Amino acid sequence: METVVAILVQLVAGGAGGNIIGQLARQLNLGTTGNSIVGAIGGLAGTWLAGMIPGLDGLVGAAAGAGGLDLGALAGQGVTGLVGGGLLTAIAGIVKSAMAKS
């Protein structure tokens, strides 16, 4: 159950990050649905990649502590999901803009 909660946090934070980037940088906007989907995928990927970086692996480590959910790990996963979702949405928006110009 703890794994499901962690994945949901990453998906929601990634979707939020994607939508924030889409609203801040209109030229990178993929639409609400596109921002949400790409952001959610970026949230999962960003958290997974952050877990592989020494020093960040403790921040996004296992969300399941001895007595239940570790709120610190969930917060870390949320932040990395937010950043990962925003980055992947920005990359997808740049690719979309470059393809539209050619």
# chains A, B, ... in the order shown; residues from 1 in each chain; ligands from 1
>>> residues_around(residues="Leu82 in chain A", least_positions_apart="4", cutoff="9 Å", atoms="only C-alpha atoms", output="mmCIF file with C-alpha atoms, in the first residue's frame")
data_model
loop_
_atom_site.group_PDB
_atom_site.id
_atom_site.type_symbol
_atom_site.label_atom_id
_atom_site.label_comp_id
_atom_site.auth_asym_id
_atom_site.auth_seq_id
_atom_site.Cartn_x
_atom_site.Cartn_y
_atom_site.Cartn_z
ATOM 1 C CA GLN A 10 4.877 11.211 -7.944
ATOM 2 C CA LEU A 11 2.137 11.150 -10.605
ATOM 3 C CA VAL A 12 0.133 14.011 -9.094
ATOM 4 C CA ALA A 13 3.217 16.155 -8.444
ATOM 5 C CA GLY A 14 4.503 15.499 -11.957
ATOM 6 C CA GLY A 15 1.164 16.449 -13.482
ATOM 7 C CA ALA A 16 1.142 19.630 -11.427
ATOM 8 C CA GLY A 17 4.684 20.446 -12.526
ATOM 9 C CA GLY A 18 3.758 19.918 -16.156
ATOM 10 C CA GLY A 39 4.170 15.733 -16.462
ATOM 11 C CA ALA A 40 2.973 12.566 -14.718
ATOM 12 C CA GLY A 42 8.155 12.990 -15.939
ATOM 13 C CA GLY A 43 7.237 12.822 -12.254
ATOM 14 C CA GLY A 46 12.379 12.230 -12.294
ATOM 15 C CA GLN A 77 9.240 12.338 -3.931
ATOM 16 C CA GLY A 78 6.681 15.085 -4.422
ATOM 17 C CA GLY A 86 8.126 20.264 -15.340
ATOM 18 C CA LEU A 87 11.369 19.327 -17.071
#
>>> select_by_dssp(residues="range 27-96 of chain A", states="strand (DSSP E)", output="PyMOL selection string")
chain A and resi 64-65+68-69
>>> closest_residue(among="A:Met1, A:Leu28, A:Leu59, A:Ile20", to="Gly93 in chain A", atoms="only C-alpha atoms")
A:Leu28
>>> closest_residue(among="A:Leu49, A:Ala92, A:Leu44, A:Val60", to="Gly22 in chain A", atoms="only C-alpha atoms")
A:Ala92
>>> atom_distance(atom1="CA of Ala25 in chain A", atom2="CA of Lys101 in chain A")
17.3 Å
>>> atom_distance(atom1="CA of Leu71 in chain A", atom2="CA of Gly58 in chain A")
12.7 Å
>>> closest_residue(among="A:Val95, A:Thr3, A:Gly81, A:Ala90", to="Ala45 in chain A", atoms="only C-alpha atoms")
A:Gly81
>>> atom_distance(atom1="CA of Ile91 in chain A", atom2="CA of Val79 in chain A")
18.4 Å
>>> residues_around(residues="Ala50 in chain A", least_positions_apart="5", cutoff="8 Å", atoms="only C-alpha atoms", output="number ranges by chain")
A: 56-57, 60, 80
>>> write_last_selection(atoms="C-alpha atoms", output="mmCIF file, in the first residue's frame")
data_model
loop_
_atom_site.group_PDB
_atom_site.id
_atom_site.type_symbol
_atom_site.label_atom_id
_atom_site.label_comp_id
_atom_site.auth_asym_id
_atom_site.auth_seq_id
_atom_site.Cartn_x
_atom_site.Cartn_y
_atom_site.Cartn_z
ATOM 1 C CA LEU A 56 19.449 12.358 -3.299
ATOM 2 C CA ASP A 57 18.723 8.680 -2.799
ATOM 3 C CA VAL A 60 13.467 10.031 -2.245
ATOM 4 C CA THR A 80 11.352 15.552 -7.423
#
>>> closest_residue(among="A:Gly61, A:Trp48, A:Ile94, A:Gly72", to="Leu30 in chain A", atoms="only C-alpha atoms")
A:Ile94
>>> select_by_dssp(residues="chain A", states="helix (DSSP H, G or I)", output="PyMOL selection string")
chain A and resi 2-24+26-28+32-52+71-101
>>> decode(residues="range 6-24 of chain A", atoms="N, CA and C atoms", output="PDB file, in the first residue's frame")
ATOM      1  N   ALA A   6       3.179   6.304  -2.732  1.00  0.00           N
ATOM      2  CA  ALA A   6       4.364   6.991  -3.262  1.00  0.00           C
ATOM      3  C   ALA A   6       4.229   7.240  -4.761  1.00  0.00           C
ATOM      4  N   ILE A   7       3.734   6.263  -5.501  1.00  0.00           N
ATOM      5  CA  ILE A   7       3.555   6.419  -6.948  1.00  0.00           C
ATOM      6  C   ILE A   7       2.499   7.478  -7.236  1.00  0.00           C
ATOM      7  N   LEU A   8       1.421   7.488  -6.470  1.00  0.00           N
ATOM      8  CA  LEU A   8       0.389   8.509  -6.661  1.00  0.00           C
ATOM      9  C   LEU A   8       0.936   9.914  -6.398  1.00  0.00           C
ATOM     10  N   VAL A   9       1.763  10.048  -5.373  1.00  0.00           N
ATOM     11  CA  VAL A   9       2.381  11.349  -5.076  1.00  0.00           C
ATOM     12  C   VAL A   9       3.242  11.794  -6.254  1.00  0.00           C
ATOM     13  N   GLN A  10       4.017  10.887  -6.813  1.00  0.00           N
ATOM     14  CA  GLN A  10       4.877  11.211  -7.944  1.00  0.00           C
ATOM     15  C   GLN A  10       4.057  11.596  -9.175  1.00  0.00           C
ATOM     16  N   LEU A  11       2.987  10.855  -9.445  1.00  0.00           N
ATOM     17  CA  LEU A  11       2.137  11.150 -10.605  1.00  0.00           C
ATOM     18  C   LEU A  11       1.444  12.508 -10.474  1.00  0.00           C
ATOM     19  N   VAL A  12       0.859  12.753  -9.301  1.00  0.00           N
ATOM     20  CA  VAL A  12       0.133  14.011  -9.094  1.00  0.00           C
ATOM     21  C   VAL A  12       1.095  15.200  -9.124  1.00  0.00           C
ATOM     22  N   ALA A  13       2.240  15.061  -8.452  1.00  0.00           N
ATOM     23  CA  ALA A  13       3.217  16.155  -8.444  1.00  0.00           C
ATOM     24  C   ALA A  13       3.768  16.402  -9.843  1.00  0.00           C
ATOM     25  N   GLY A  14       4.024  15.346 -10.584  1.00  0.00           N
ATOM     26  CA  GLY A  14       4.503  15.499 -11.957  1.00  0.00           C
ATOM     27  C   GLY A  14       3.484  16.183 -12.845  1.00  0.00           C
ATOM     28  N   GLY A  15       2.223  15.791 -12.716  1.00  0.00           N
ATOM     29  CA  GLY A  15       1.164  16.449 -13.482  1.00  0.00           C
ATOM     30  C   GLY A  15       1.053  17.915 -13.130  1.00  0.00           C
ATOM     31  N   ALA A  16       1.181  18.224 -11.857  1.00  0.00           N
ATOM     32  CA  ALA A  16       1.142  19.630 -11.427  1.00  0.00           C
ATOM     33  C   ALA A  16       2.326  20.398 -11.996  1.00  0.00           C
ATOM     34  N   GLY A  17       3.500  19.796 -11.962  1.00  0.00           N
ATOM     35  CA  GLY A  17       4.684  20.446 -12.526  1.00  0.00           C
ATOM     36  C   GLY A  17       4.544  20.702 -14.012  1.00  0.00           C
ATOM     37  N   GLY A  18       3.983  19.746 -14.729  1.00  0.00           N
ATOM     38  CA  GLY A  18       3.758  19.918 -16.156  1.00  0.00           C
ATOM     39  C   GLY A  18       2.786  21.058 -16.450  1.00  0.00           C
ATOM     40  N   ASN A  19       1.716  21.137 -15.675  1.00  0.00           N
ATOM     41  CA  ASN A  19       0.741  22.204 -15.886  1.00  0.00           C
ATOM     42  C   ASN A  19       1.287  23.570 -15.488  1.00  0.00           C
ATOM     43  N   ILE A  20       2.126  23.609 -14.454  1.00  0.00           N
ATOM     44  CA  ILE A  20       2.739  24.883 -14.057  1.00  0.00           C
ATOM     45  C   ILE A  20       3.642  25.402 -15.168  1.00  0.00           C
ATOM     46  N   ILE A  21       4.476  24.534 -15.740  1.00  0.00           N
ATOM     47  CA  ILE A  21       5.357  24.942 -16.839  1.00  0.00           C
ATOM     48  C   ILE A  21       4.533  25.371 -18.045  1.00  0.00           C
ATOM     49  N   GLY A  22       3.469  24.631 -18.336  1.00  0.00           N
ATOM     50  CA  GLY A  22       2.611  24.995 -19.464  1.00  0.00           C
ATOM     51  C   GLY A  22       1.971  26.361 -19.302  1.00  0.00           C
ATOM     52  N   GLN A  23       1.640  26.743 -18.075  1.00  0.00           N
ATOM     53  CA  GLN A  23       1.039  28.050 -17.845  1.00  0.00           C
ATOM     54  C   GLN A  23       2.079  29.175 -17.805  1.00  0.00           C
ATOM     55  N   LEU A  24       3.270  28.877 -17.287  1.00  0.00           N
ATOM     56  CA  LEU A  24       4.303  29.908 -17.190  1.00  0.00           C
ATOM     57  C   LEU A  24       4.948  30.209 -18.535  1.00  0.00           C
TER      58      LEU A  24
END
